[in-house]
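Participant: Data: model-v1.tsv, TSV, C-alpha atoms.
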```
chain	number	residue	atom	x	y	z
A	878	MET	CA	157.12	30.56	-130.59
A	879	SER	CA	154.87	27.53	-130.11
A	880	LYS	CA	151.56	27.68	-128.27
A	881	LYS	CA	151.10	26.00	-124.90
A	882	VAL	CA	147.87	24.33	-123.82
A	883	LEU	CA	147.02	23.21	-120.30
A	884	LEU	CA	144.87	20.07	-120.08
A	885	ILE	CA	143.13	19.93	-116.69
A	886	HIS	CA	142.10	16.41	-115.73
A	887	GLY	CA	139.28	16.55	-113.19
A	888	SER	CA	138.91	12.84	-112.41
A	889	ALA	CA	140.45	10.82	-109.58
A	890	ARG	CA	140.91	7.92	-111.99
A	891	LYS	CA	142.98	7.70	-115.15
A	892	LYS	CA	140.38	5.95	-117.26
A	893	ASN	CA	137.82	7.24	-119.77
A	894	THR	CA	138.28	11.00	-119.39
A	895	TYR	CA	142.05	10.64	-119.16
A	896	ASN	CA	142.17	8.46	-122.29
A	897	ILE	CA	140.37	11.18	-124.24
A	898	LEU	CA	142.84	13.78	-122.95
A	899	LEU	CA	145.72	11.63	-124.20
A	900	GLN	CA	144.17	11.61	-127.67
A	901	ILE	CA	143.67	15.39	-127.53
A	902	GLU	CA	147.28	15.75	-126.38
A	903	LYS	CA	148.47	13.84	-129.47
A	904	ILE	CA	146.39	15.98	-131.85
A	905	LEU	CA	147.70	19.16	-130.26
A	906	LYS	CA	151.31	17.95	-130.42
A	907	ASP	CA	150.82	17.03	-134.08
A	908	HIS	CA	150.09	20.74	-134.59
A	909	GLY	CA	153.32	21.72	-132.87
A	910	ILE	CA	151.57	22.76	-129.66
A	911	GLU	CA	153.21	22.23	-126.29
A	912	VAL	CA	150.96	20.35	-123.85
A	913	GLU	CA	150.84	19.87	-120.10
A	914	ILE	CA	148.35	17.54	-118.40
A	915	LEU	CA	147.49	18.69	-114.89
A	916	ASN	CA	145.85	16.03	-112.72
A	917	LEU	CA	143.74	17.98	-110.23
A	918	PHE	CA	143.76	15.16	-107.70
A	919	ASP	CA	147.54	15.55	-107.39
A	920	TYR	CA	146.96	19.04	-105.98
A	921	GLU	CA	145.40	20.26	-102.76
A	922	ILE	CA	142.42	22.52	-103.40
A	923	LYS	CA	140.56	23.66	-100.33
A	924	ASP	CA	136.88	24.56	-100.58
A	925	CYS	CA	135.83	28.16	-101.03
A	926	ILE	CA	134.58	29.56	-97.69
A	927	GLY	CA	132.63	32.47	-99.17
A	928	CYS	CA	134.65	35.16	-97.39
A	929	GLU	CA	134.64	37.35	-100.56
A	930	SER	CA	138.28	38.34	-99.99
A	931	CYS	CA	138.96	37.58	-103.66
A	932	ILE	CA	136.31	40.16	-104.60
A	933	THR	CA	137.13	42.92	-102.13
A	934	HIS	CA	140.89	42.38	-102.24
A	935	GLU	CA	143.40	41.14	-104.80
A	936	SER	CA	143.75	37.57	-103.57
A	937	CYS	CA	142.09	34.63	-101.86
A	938	SER	CA	142.27	34.41	-98.08
A	939	ILE	CA	143.28	30.72	-98.34
A	940	LYS	CA	147.05	30.60	-98.72
A	941	ASP	CA	148.02	27.05	-97.71
A	942	ASP	CA	146.98	24.99	-100.72
A	943	ASN	CA	147.94	24.70	-104.41
A	944	MET	CA	145.37	26.99	-106.07
A	945	ASN	CA	147.88	29.75	-106.81
A	946	VAL	CA	150.03	27.24	-108.71
A	947	ILE	CA	147.06	26.03	-110.78
A	948	MET	CA	145.78	29.54	-111.49
A	949	GLN	CA	149.24	30.66	-112.60
A	950	LYS	CA	149.47	27.71	-114.98
A	951	MET	CA	146.08	28.65	-116.44
A	952	MET	CA	147.16	32.27	-116.92
A	953	ASP	CA	150.51	31.27	-118.47
A	954	SER	CA	148.89	28.96	-121.03
A	955	ASP	CA	147.64	29.96	-124.48
A	956	GLY	CA	144.59	27.73	-124.08
A	957	VAL	CA	142.91	25.49	-121.54
A	958	VAL	CA	141.08	22.17	-121.78
A	959	LEU	CA	138.74	21.38	-118.87
A	960	SER	CA	137.71	17.75	-118.43
A	961	SER	CA	135.58	15.70	-116.07
A	962	PRO	CA	133.50	12.57	-115.84
A	963	VAL	CA	129.83	13.33	-115.17
A	964	TYR	CA	128.97	13.30	-111.47
A	965	MET	CA	125.32	13.98	-110.67
A	966	CYS	CA	124.80	15.79	-114.00
A	967	SER	CA	127.82	18.01	-113.39
A	968	VAL	CA	131.58	17.93	-112.90
A	969	THR	CA	133.56	16.31	-110.09
A	970	SER	CA	133.75	18.08	-106.73
A	971	LYS	CA	137.46	18.73	-107.34
A	972	LEU	CA	136.83	20.59	-110.58
A	973	LYS	CA	133.89	22.40	-109.02
A	974	SER	CA	136.19	23.54	-106.19
A	975	LEU	CA	138.60	24.91	-108.79
A	976	ALA	CA	135.73	26.80	-110.41
A	977	ASP	CA	134.60	28.20	-107.05
A	978	ARG	CA	138.11	29.29	-106.13
A	979	THR	CA	138.57	31.11	-109.44
A	980	ASN	CA	135.50	33.24	-108.68
A	981	MET	CA	137.76	36.30	-108.53
A	982	TRP	CA	138.20	35.96	-112.31
A	983	VAL	CA	134.49	36.69	-112.76
A	984	HIS	CA	135.15	40.14	-111.22
A	985	LYS	CA	138.73	40.49	-112.47
A	986	PRO	CA	138.82	38.40	-115.69
A	987	ALA	CA	142.52	37.59	-115.89
A	988	THR	CA	141.80	34.84	-118.45
A	989	ALA	CA	139.54	36.92	-120.73
A	990	GLY	CA	140.08	36.00	-124.36
A	991	LYS	CA	141.86	32.73	-123.62
A	992	PRO	CA	140.54	29.80	-125.71
A	993	VAL	CA	138.97	26.91	-123.79
A	994	MET	CA	137.44	23.58	-124.72
A	995	PHE	CA	135.67	20.93	-122.70
A	996	VAL	CA	135.68	17.15	-122.26
A	997	ALA	CA	133.10	15.03	-120.44
A	998	THR	CA	132.41	11.31	-120.19
A	999	THR	CA	129.53	9.35	-118.73
A	1000	ALA	CA	128.26	5.79	-118.62
A	1001	ALA	CA	124.70	7.03	-119.15
A	1002	THR	CA	123.31	10.58	-118.97
A	1003	GLY	CA	124.21	14.09	-117.84
A	1004	LEU	CA	126.35	15.35	-120.72
A	1005	LYS	CA	124.00	18.22	-121.60
A	1006	ALA	CA	123.89	19.57	-118.04
A	1007	THR	CA	127.65	19.19	-117.67
A	1008	GLY	CA	128.19	21.04	-120.93
A	1009	GLN	CA	125.97	23.85	-119.63
A	1010	PHE	CA	128.13	24.10	-116.50
A	1011	PHE	CA	131.29	24.34	-118.60
A	1012	ASN	CA	129.75	27.03	-120.83
A	1013	THR	CA	128.51	29.10	-117.90
A	1014	TYR	CA	131.89	28.91	-116.18
A	1015	ALA	CA	133.86	29.90	-119.28
A	1016	THR	CA	131.43	32.71	-120.13
A	1017	GLY	CA	131.79	34.13	-116.64
A	1018	LEU	CA	135.55	34.26	-117.08
A	1019	GLY	CA	135.37	35.86	-120.53
A	1020	MET	CA	137.12	32.92	-122.19
A	1021	ARG	CA	136.60	32.13	-125.87
A	1022	ARG	CA	134.65	28.90	-125.96
A	1023	GLY	CA	135.77	26.13	-128.26
A	1024	ASP	CA	134.54	22.56	-128.70
A	1025	PHE	CA	132.87	20.07	-126.36
A	1026	VAL	CA	134.21	16.54	-126.78
A	1027	ALA	CA	131.75	14.19	-125.12
A	1028	ARG	CA	131.51	10.41	-124.85
A	1029	ALA	CA	128.78	8.22	-123.36
A	1030	GLY	CA	128.03	4.53	-123.01
A	1031	LYS	CA	128.89	2.39	-126.02
A	1032	LYS	CA	130.63	5.32	-127.77
A	1033	MET	CA	133.15	5.72	-124.95
A	1034	ASP	CA	135.99	4.16	-126.94
A	1035	GLU	CA	135.25	6.09	-130.13
A	1036	PRO	CA	138.51	7.79	-131.18
A	1037	VAL	CA	138.71	11.58	-130.95
A	1038	LYS	CA	138.80	13.11	-134.42
A	1039	GLU	CA	140.59	16.35	-135.15
A	1040	LYS	CA	137.38	17.89	-136.49
A	1041	GLU	CA	135.87	17.54	-132.99
A	1042	MET	CA	138.32	20.15	-131.75
A	1043	SER	CA	138.64	22.24	-134.91
A	1044	LYS	CA	137.13	25.35	-133.33
A	1045	PHE	CA	139.57	25.23	-130.42
A	1046	LEU	CA	142.50	24.80	-132.80
A	1047	ARG	CA	141.26	27.77	-134.82
A	1048	LEU	CA	140.84	29.94	-131.72
A	1049	LEU	CA	144.42	29.17	-130.67
A	1050	GLU	CA	145.69	30.66	-133.92
A	1051	GLN	CA	143.03	33.31	-134.43
A	1052	ASP	CA	143.32	36.90	-133.27
A	1053	THR	CA	140.65	37.93	-130.76
A	1054	SER	CA	139.43	40.54	-133.26
A	1055	GLN	CA	137.86	37.69	-135.26
A	1056	TYR	CA	135.77	36.38	-132.34
A	1057	HIS	CA	131.97	36.66	-132.37
A	1058	PRO	CA	130.77	36.97	-128.73
A	1059	SER	CA	127.33	35.58	-127.96
A	1060	MET	CA	124.54	37.55	-126.29
A	1061	ASN	CA	125.30	35.77	-123.00
A	1062	GLU	CA	128.96	36.71	-123.25
A	1063	ILE	CA	128.03	40.34	-123.88
A	1064	VAL	CA	125.70	40.28	-120.86
A	1065	MET	CA	128.41	38.83	-118.58
A	1066	PHE	CA	130.93	41.42	-119.75
A	1067	THR	CA	128.42	44.22	-119.14
A	1068	VAL	CA	127.55	42.90	-115.67
A	1069	GLY	CA	131.24	42.93	-114.78
A	1070	LYS	CA	131.69	46.43	-116.20
A	1071	VAL	CA	128.75	47.86	-114.26
A	1072	LEU	CA	129.93	46.20	-111.04
A	1073	ALA	CA	133.42	47.63	-111.60
A	1074	LEU	CA	132.03	51.12	-112.24
A	1075	LYS	CA	130.02	50.94	-109.02
A	1076	SER	CA	133.06	49.72	-107.09
A	1077	GLU	CA	135.72	51.87	-105.48
A	1078	GLY	CA	138.03	48.95	-104.82
A	1079	ASP	CA	140.27	46.55	-106.73
A	1080	ASP	CA	137.64	45.63	-109.34
A	1081	LYS	CA	137.49	49.16	-110.73
A	1082	LYS	CA	141.27	49.48	-110.73
A	1083	PHE	CA	141.60	46.16	-112.60
A	1084	TRP	CA	139.13	47.26	-115.31
A	1085	GLU	CA	140.63	50.76	-115.55
A	1086	GLU	CA	144.13	49.35	-116.10
A	1087	ARG	CA	142.83	47.34	-119.06
A	1088	GLU	CA	140.75	50.26	-120.39
A	1089	TRP	CA	137.61	48.11	-120.44
A	1090	LEU	CA	135.21	50.54	-118.76
A	1091	ASP	CA	134.38	52.40	-121.98
A	1092	LYS	CA	134.39	49.30	-124.20
A	1093	ARG	CA	131.60	47.08	-125.50
A	1094	TYR	CA	133.70	43.97	-124.88
A	1095	TYR	CA	137.07	42.93	-123.44
A	1096	TYR	CA	138.80	43.35	-126.80
A	1097	PRO	CA	137.96	44.48	-130.35
A	1098	CYS	CA	135.83	41.72	-131.89
A	1099	LYS	CA	133.11	40.94	-134.41
A	1100	MET	CA	129.84	42.47	-133.18
A	1101	ASN	CA	126.97	43.16	-135.58
A	1102	PRO	CA	124.75	46.28	-135.25
A	1103	GLY	CA	122.08	44.33	-133.36
A	1104	LYS	CA	124.56	43.16	-130.72
A	1105	LYS	CA	126.00	46.68	-130.42
A	1106	LEU	CA	122.51	48.05	-129.71
A	1107	PHE	CA	121.87	45.21	-127.27
A	1108	SER	CA	125.14	45.98	-125.48
A	1109	LYS	CA	124.15	49.63	-125.09
A	1110	PHE	CA	120.65	48.72	-123.92
A	1111	ILE	CA	121.72	46.14	-121.35
A	1112	PHE	CA	124.33	48.55	-119.96
A	1113	LYS	CA	121.62	51.17	-119.33
A	1114	VAL	CA	119.27	48.61	-117.75
A	1115	LEU	CA	121.94	47.16	-115.45
A	1116	SER	CA	123.32	50.58	-114.48
A	1117	LYS	CA	119.86	51.72	-113.46
A	1118	ALA	CA	119.13	48.49	-111.61
A	1119	MET	CA	122.36	48.77	-109.58
A	1120	ASP	CA	121.95	52.44	-108.59
```
Represent the structure from my file as structure tokens, please.
Facilitator:
Amino acid sequence: MSKKVLLIHGSARKKNTYNILLQIEKILKDHGIEVEILNLFDYEIKDCIGCESCITHESCSIKDDNMNVIMQKMMDSDGVVLSSPVYMCSVTSKLKSLADRTNMWVHKPATAGKPVMFVATTAATGLKATGQFFNTYATGLGMRRGDFVARAGKKMDEPVKEKEMSKFLRLLEQDTSQYHPSMNEIVMFTVGKVLALKSEGDDKKFWEEREWLDKRYYYPCKMNPGKKLFSKFIFKVLSKAMD
């Protein structure tokens, strides 16, 4: 059965960022991977209102927009590509709204282990900060981070080479047991675990159902002795801090 990748286009225009997505689409299809491009501006995404319903309950309080459709597509895919032009050293407001509305996945990581890669374009600066946003978002959701395809200024029309997305392609085929989580990823997992243990609501139930509460990470993976000790240490520190 072929893999399916969802390409999320976060720009209102079909220009630089979109052109890169089309090249990525071709490379993925050349590998026999099914691709869907989702243009965020074709969907209604209302702003998060900070009600915390997604944390204390199983769903968002906003029911009359298209977020459930988008989130289901993300969950049904084998991998996700997030893309955006640089706006004020970050992503577009539309993509930021998607990130805000998927906050429940920080507490209930439904996309944990799913490969993700990033695309950003800019006429000048801001790629580094935008890449940091992408990394922070994906780490919070427990996704396996792949490549960052970035273009700026005179290099905007430089063709996308397969080697620029080699890590993402490898993650799509690779079992999660071969993944090496970073220190930041271990910290985010441990934060979520401690919060779930302290909770008596849906968070704890979600983590219990997946048998994560007695694990070092979401799934069996490559973790050297130093990271195992760090995981144990940070769990003790966070547990004490949240008492």
Participant: Set the distance at 9 Å and use all atoms listed in the file: which residues neighbour Tyr1094 in chain A once local chain neighbours fewer than 3 positions away are removed? I'd like the list as a list in words.
Facilitator: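 Once the nearby chain positions are removed, what remains is Pro1058, Glu1062, Ile1063, Phe1066, Thr1067, Trp1089, Asp1091, Pro1097, Cys1098 and Ser1108 of chain A.
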Participant: Using only C-alpha atoms, pick whichever of A:Ala987, A:Ala1000, A:Val882, A:Ile932 has the shortest atom-to-atom distance to Ala1027 in chain A.
Facilitator: A:Ala1000
Participant: So that I can see what lies close to Met1100 in chain A, please list as a ChimeraX atom specification the residues with an atom at most 12 Å from it, counting all atoms listed in the file and leaving out residues fewer than 3 positions away in the same chain.
Facilitator: /A:1053-1060,1062-1063,1093-1094,1096-1097,1103-1108
Participant: Just checking: using only C-alpha atoms, which residue out of A:Met944, A:Ala997, A:Met981, A:Leu1004 ends up closest to Cys966 in chain A?
Facilitator: A:Leu1004
Participant: Using all atoms listed in the file, which residues of range 977-1072 of chain A come within 12 Å of range 891-903 of chain A, and what is the closest atom pair for each, with the distance in Å to one decimal? Give it as a tab-separated table, sorted by chain and residue number.
Facilitator:
```
residue	atom	partner	partner_atom	distance
A:Met994	CA	A:Ile901	CA	10.7
A:Phe995	CA	A:Leu898	CA	10.1
A:Val996	CA	A:Thr894	CA	7.3
A:Ala997	CA	A:Thr894	CA	6.6
A:Thr998	CA	A:Thr894	CA	5.9
A:Thr999	CA	A:Asn893	CA	8.6
A:Ala1000	CA	A:Asn893	CA	9.7
A:Asp1024	CA	A:Ile901	CA	11.7
A:Phe1025	CA	A:Ile897	CA	11.8
A:Val1026	CA	A:Ile897	CA	8.6
A:Ala1027	CA	A:Ile897	CA	9.2
A:Arg1028	CA	A:Asn893	CA	8.7
A:Ala1029	CA	A:Asn893	CA	9.8
A:Gly1030	CA	A:Asn893	CA	10.7
A:Lys1031	CA	A:Asn893	CA	11.9
A:Lys1032	CA	A:Asn893	CA	10.9
A:Met1033	CA	A:Asn893	CA	7.1
A:Asp1034	CA	A:Asn893	CA	8.0
A:Glu1035	CA	A:Ile897	CA	9.3
A:Pro1036	CA	A:Gln900	CA	7.7
A:Val1037	CA	A:Gln900	CA	6.4
A:Lys1038	CA	A:Ile901	CA	8.7
A:Glu1039	CA	A:Ile901	CA	8.3
A:Lys1040	CA	A:Ile901	CA	11.2
A:Glu1041	CA	A:Ile901	CA	9.8
A:Met1042	CA	A:Ile901	CA	8.3
A:Ser1043	CA	A:Ile901	CA	11.3
A:Phe1045	CA	A:Ile901	CA	11.0
A:Leu1046	CA	A:Ile901	CA	10.8
```
Participant: Using C-alpha atoms, can you export the residues from the last selection as an mmCIF file, in the frame of the given file?
Facilitator:
```cif
data_model
loop_
_atom_site.group_PDB
_atom_site.id
_atom_site.type_symbol
_atom_site.label_atom_id
_atom_site.label_comp_id
_atom_site.auth_asym_id
_atom_site.auth_seq_id
_atom_site.Cartn_x
_atom_site.Cartn_y
_atom_site.Cartn_z
ATOM 1 C CA MET A 994 137.440 23.580 -124.720
ATOM 2 C CA PHE A 995 135.670 20.930 -122.700
ATOM 3 C CA VAL A 996 135.680 17.150 -122.260
ATOM 4 C CA ALA A 997 133.100 15.030 -120.440
ATOM 5 C CA THR A 998 132.410 11.310 -120.190
ATOM 6 C CA THR A 999 129.530 9.350 -118.730
ATOM 7 C CA ALA A 1000 128.260 5.790 -118.620
ATOM 8 C CA ASP A 1024 134.540 22.560 -128.700
ATOM 9 C CA PHE A 1025 132.870 20.070 -126.360
ATOM 10 C CA VAL A 1026 134.210 16.540 -126.780
ATOM 11 C CA ALA A 1027 131.750 14.190 -125.120
ATOM 12 C CA ARG A 1028 131.510 10.410 -124.850
ATOM 13 C CA ALA A 1029 128.780 8.220 -123.360
ATOM 14 C CA GLY A 1030 128.030 4.530 -123.010
ATOM 15 C CA LYS A 1031 128.890 2.390 -126.020
ATOM 16 C CA LYS A 1032 130.630 5.320 -127.770
ATOM 17 C CA MET A 1033 133.150 5.720 -124.950
ATOM 18 C CA ASP A 1034 135.990 4.160 -126.940
ATOM 19 C CA GLU A 1035 135.250 6.090 -130.130
ATOM 20 C CA PRO A 1036 138.510 7.790 -131.180
ATOM 21 C CA VAL A 1037 138.710 11.580 -130.950
ATOM 22 C CA LYS A 1038 138.800 13.110 -134.420
ATOM 23 C CA GLU A 1039 140.590 16.350 -135.150
ATOM 24 C CA LYS A 1040 137.380 17.890 -136.490
ATOM 25 C CA GLU A 1041 135.870 17.540 -132.990
ATOM 26 C CA MET A 1042 138.320 20.150 -131.750
ATOM 27 C CA SER A 1043 138.640 22.240 -134.910
ATOM 28 C CA PHE A 1045 139.570 25.230 -130.420
ATOM 29 C CA LEU A 1046 142.500 24.800 -132.800
#
```
Participant: Which residues, written as a ChimeraX atom specification, have at least one atom at most 10 Å from Lys971 in chain A, with all atoms listed in the file counted and residues fewer than 6 positions away on the same chain left out?
Facilitator: /A:886-889,917-918,920-924,961,977
Participant: Write out as an mmCIF file with C-alpha atoms, keeping the file's coordinate frame the residues lying within 10 Å of Pro986 in chain A, counting all atoms listed in the file and excluding same-chain residues fewer than 5 positions away.
Facilitator:
```cif
data_model
loop_
_atom_site.group_PDB
_atom_site.id
_atom_site.type_symbol
_atom_site.label_atom_id
_atom_site.label_comp_id
_atom_site.auth_asym_id
_atom_site.auth_seq_id
_atom_site.Cartn_x
_atom_site.Cartn_y
_atom_site.Cartn_z
ATOM 1 C CA THR A 979 138.570 31.110 -109.440
ATOM 2 C CA ASN A 980 135.500 33.240 -108.680
ATOM 3 C CA MET A 981 137.760 36.300 -108.530
ATOM 4 C CA GLY A 1017 131.790 34.130 -116.640
ATOM 5 C CA LEU A 1018 135.550 34.260 -117.080
ATOM 6 C CA GLY A 1019 135.370 35.860 -120.530
ATOM 7 C CA MET A 1020 137.120 32.920 -122.190
ATOM 8 C CA PHE A 1066 130.930 41.420 -119.750
ATOM 9 C CA GLY A 1069 131.240 42.930 -114.780
ATOM 10 C CA ASP A 1080 137.640 45.630 -109.340
ATOM 11 C CA PHE A 1083 141.600 46.160 -112.600
ATOM 12 C CA TRP A 1084 139.130 47.260 -115.310
ATOM 13 C CA TYR A 1095 137.070 42.930 -123.440
#
```
Participant: From the options A:His984, A:His908, A:Lys950, A:Arg890, which residue's atoms come nearest to Arg1047 in chain A, counting only C-alpha atoms?
Facilitator: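 Under the stated criterion, the closest residue is A:His908.
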Participant: Considering all atoms listed in the file, return as a list in words whatever protein or nucleic-acid residues lie within 12 Å of Lys1075 in chain A, sequence-local ones (same chain, fewer than 5 positions apart) excluded.
Facilitator: Val1068, Gly1069, Lys1070, Asp1080, Lys1081, Lys1082, Trp1084, Leu1090, Leu1115, Ser1116, Lys1117, Ala1118, Met1119 and Asp1120 of chain A
Participant: Could you tell me which of A:Lys973, A:Lys1099, A:Lys906, A:Arg978 comes closest to Lys940 in chain A if we count only C-alpha atoms?
Facilitator: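 Under the stated criterion, the closest residue is A:Arg978.
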Participant: Using only C-alpha atoms, which of A:Met1065, A:Tyr1014, A:Lys985, A:Ile939 sits nearest Glu1086 in chain A?
Facilitator: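 Once distances to Glu1086 in chain A are computed over only C-alpha atoms, the minimum belongs to A:Lys985.
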Participant: In Å, how far is it from CA of Val993 in chain A to CA of Glu1050 in chain A?
Facilitator: 12.7 Å
Participant: Between CA of Leu884 in chain A and CA of Leu959 in chain A, measure the distance and give it in Å to one decimal.
Facilitator: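 Taking CA of Leu884 in chain A as the start and CA of Leu959 in chain A as the end point, the length is 6.4 Å.
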Participant: Between CA of Gly909 in chain A and CA of Lys880 in chain A, what is the distance in Å, rounded to a tenth?
Facilitator: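 Pair CA of Gly909 in chain A / CA of Lys880 in chain A returns 7.7 Å.
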Participant: Which one is closest to Phe1010 in chain A: A:Trp982, A:Gln949, A:Ser960, A:Asp1052? Count all atoms listed in the file.
Facilitator: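 Looking only at the distances to Phe1010 in chain A, the closest residue turns out to be A:Ser960.
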Participant: Can I get range 1094-1115 of chain A with N, CA and C atoms filled in, as a short mmCIF file (atom, residue, chain, number, x, y, z; two decimals), in the frame of the given file?
Facilitator:
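out_8.cif, freshly written:
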```
data_model
loop_
_atom_site.label_atom_id
_atom_site.label_comp_id
_atom_site.auth_asym_id
_atom_site.auth_seq_id
_atom_site.Cartn_x
_atom_site.Cartn_y
_atom_site.Cartn_z
N TYR A 1094 133.25 45.31 -125.23
CA TYR A 1094 133.70 43.97 -124.88
C TYR A 1094 135.17 44.05 -124.46
N TYR A 1095 135.70 42.93 -123.96
CA TYR A 1095 137.07 42.93 -123.44
C TYR A 1095 138.10 43.37 -124.48
N TYR A 1096 137.84 43.07 -125.73
CA TYR A 1096 138.80 43.35 -126.80
C TYR A 1096 138.02 43.62 -128.08
N PRO A 1097 138.63 44.28 -129.06
CA PRO A 1097 137.96 44.48 -130.35
C PRO A 1097 137.56 43.12 -130.93
N CYS A 1098 136.32 43.00 -131.38
CA CYS A 1098 135.83 41.72 -131.89
C CYS A 1098 134.71 41.96 -132.90
N LYS A 1099 134.19 40.87 -133.44
CA LYS A 1099 133.11 40.94 -134.41
C LYS A 1099 131.77 41.08 -133.68
N MET A 1100 131.13 42.24 -133.83
CA MET A 1100 129.84 42.47 -133.18
C MET A 1100 128.93 43.20 -134.17
N ASN A 1101 127.86 42.54 -134.60
CA ASN A 1101 126.97 43.16 -135.58
C ASN A 1101 126.18 44.30 -134.95
N PRO A 1102 125.49 45.13 -135.78
CA PRO A 1102 124.75 46.28 -135.25
C PRO A 1102 123.73 45.91 -134.18
N GLY A 1103 123.07 44.76 -134.35
CA GLY A 1103 122.08 44.33 -133.36
C GLY A 1103 122.71 44.08 -132.00
N LYS A 1104 123.87 43.44 -131.98
CA LYS A 1104 124.56 43.16 -130.72
C LYS A 1104 125.11 44.45 -130.10
N LYS A 1105 125.52 45.39 -130.94
CA LYS A 1105 126.00 46.68 -130.42
C LYS A 1105 124.86 47.43 -129.72
N LEU A 1106 123.68 47.41 -130.32
CA LEU A 1106 122.51 48.05 -129.71
C LEU A 1106 122.13 47.33 -128.42
N PHE A 1107 122.19 46.00 -128.47
CA PHE A 1107 121.87 45.21 -127.27
C PHE A 1107 122.83 45.53 -126.14
N SER A 1108 124.12 45.65 -126.48
CA SER A 1108 125.14 45.98 -125.48
C SER A 1108 124.83 47.31 -124.82
N LYS A 1109 124.48 48.30 -125.61
CA LYS A 1109 124.15 49.63 -125.09
C LYS A 1109 122.91 49.59 -124.21
N PHE A 1110 121.91 48.84 -124.67
CA PHE A 1110 120.65 48.72 -123.92
C PHE A 1110 120.85 48.03 -122.58
N ILE A 1111 121.56 46.90 -122.58
CA ILE A 1111 121.72 46.14 -121.35
C ILE A 1111 122.58 46.91 -120.35
N PHE A 1112 123.52 47.72 -120.85
CA PHE A 1112 124.33 48.55 -119.96
C PHE A 1112 123.43 49.56 -119.22
N LYS A 1113 122.52 50.19 -119.95
CA LYS A 1113 121.62 51.17 -119.33
C LYS A 1113 120.70 50.50 -118.30
N VAL A 1114 120.17 49.33 -118.66
CA VAL A 1114 119.27 48.61 -117.75
C VAL A 1114 119.99 48.21 -116.46
N LEU A 1115 121.19 47.63 -116.61
CA LEU A 1115 121.94 47.16 -115.45
C LEU A 1115 122.43 48.33 -114.59
#
```
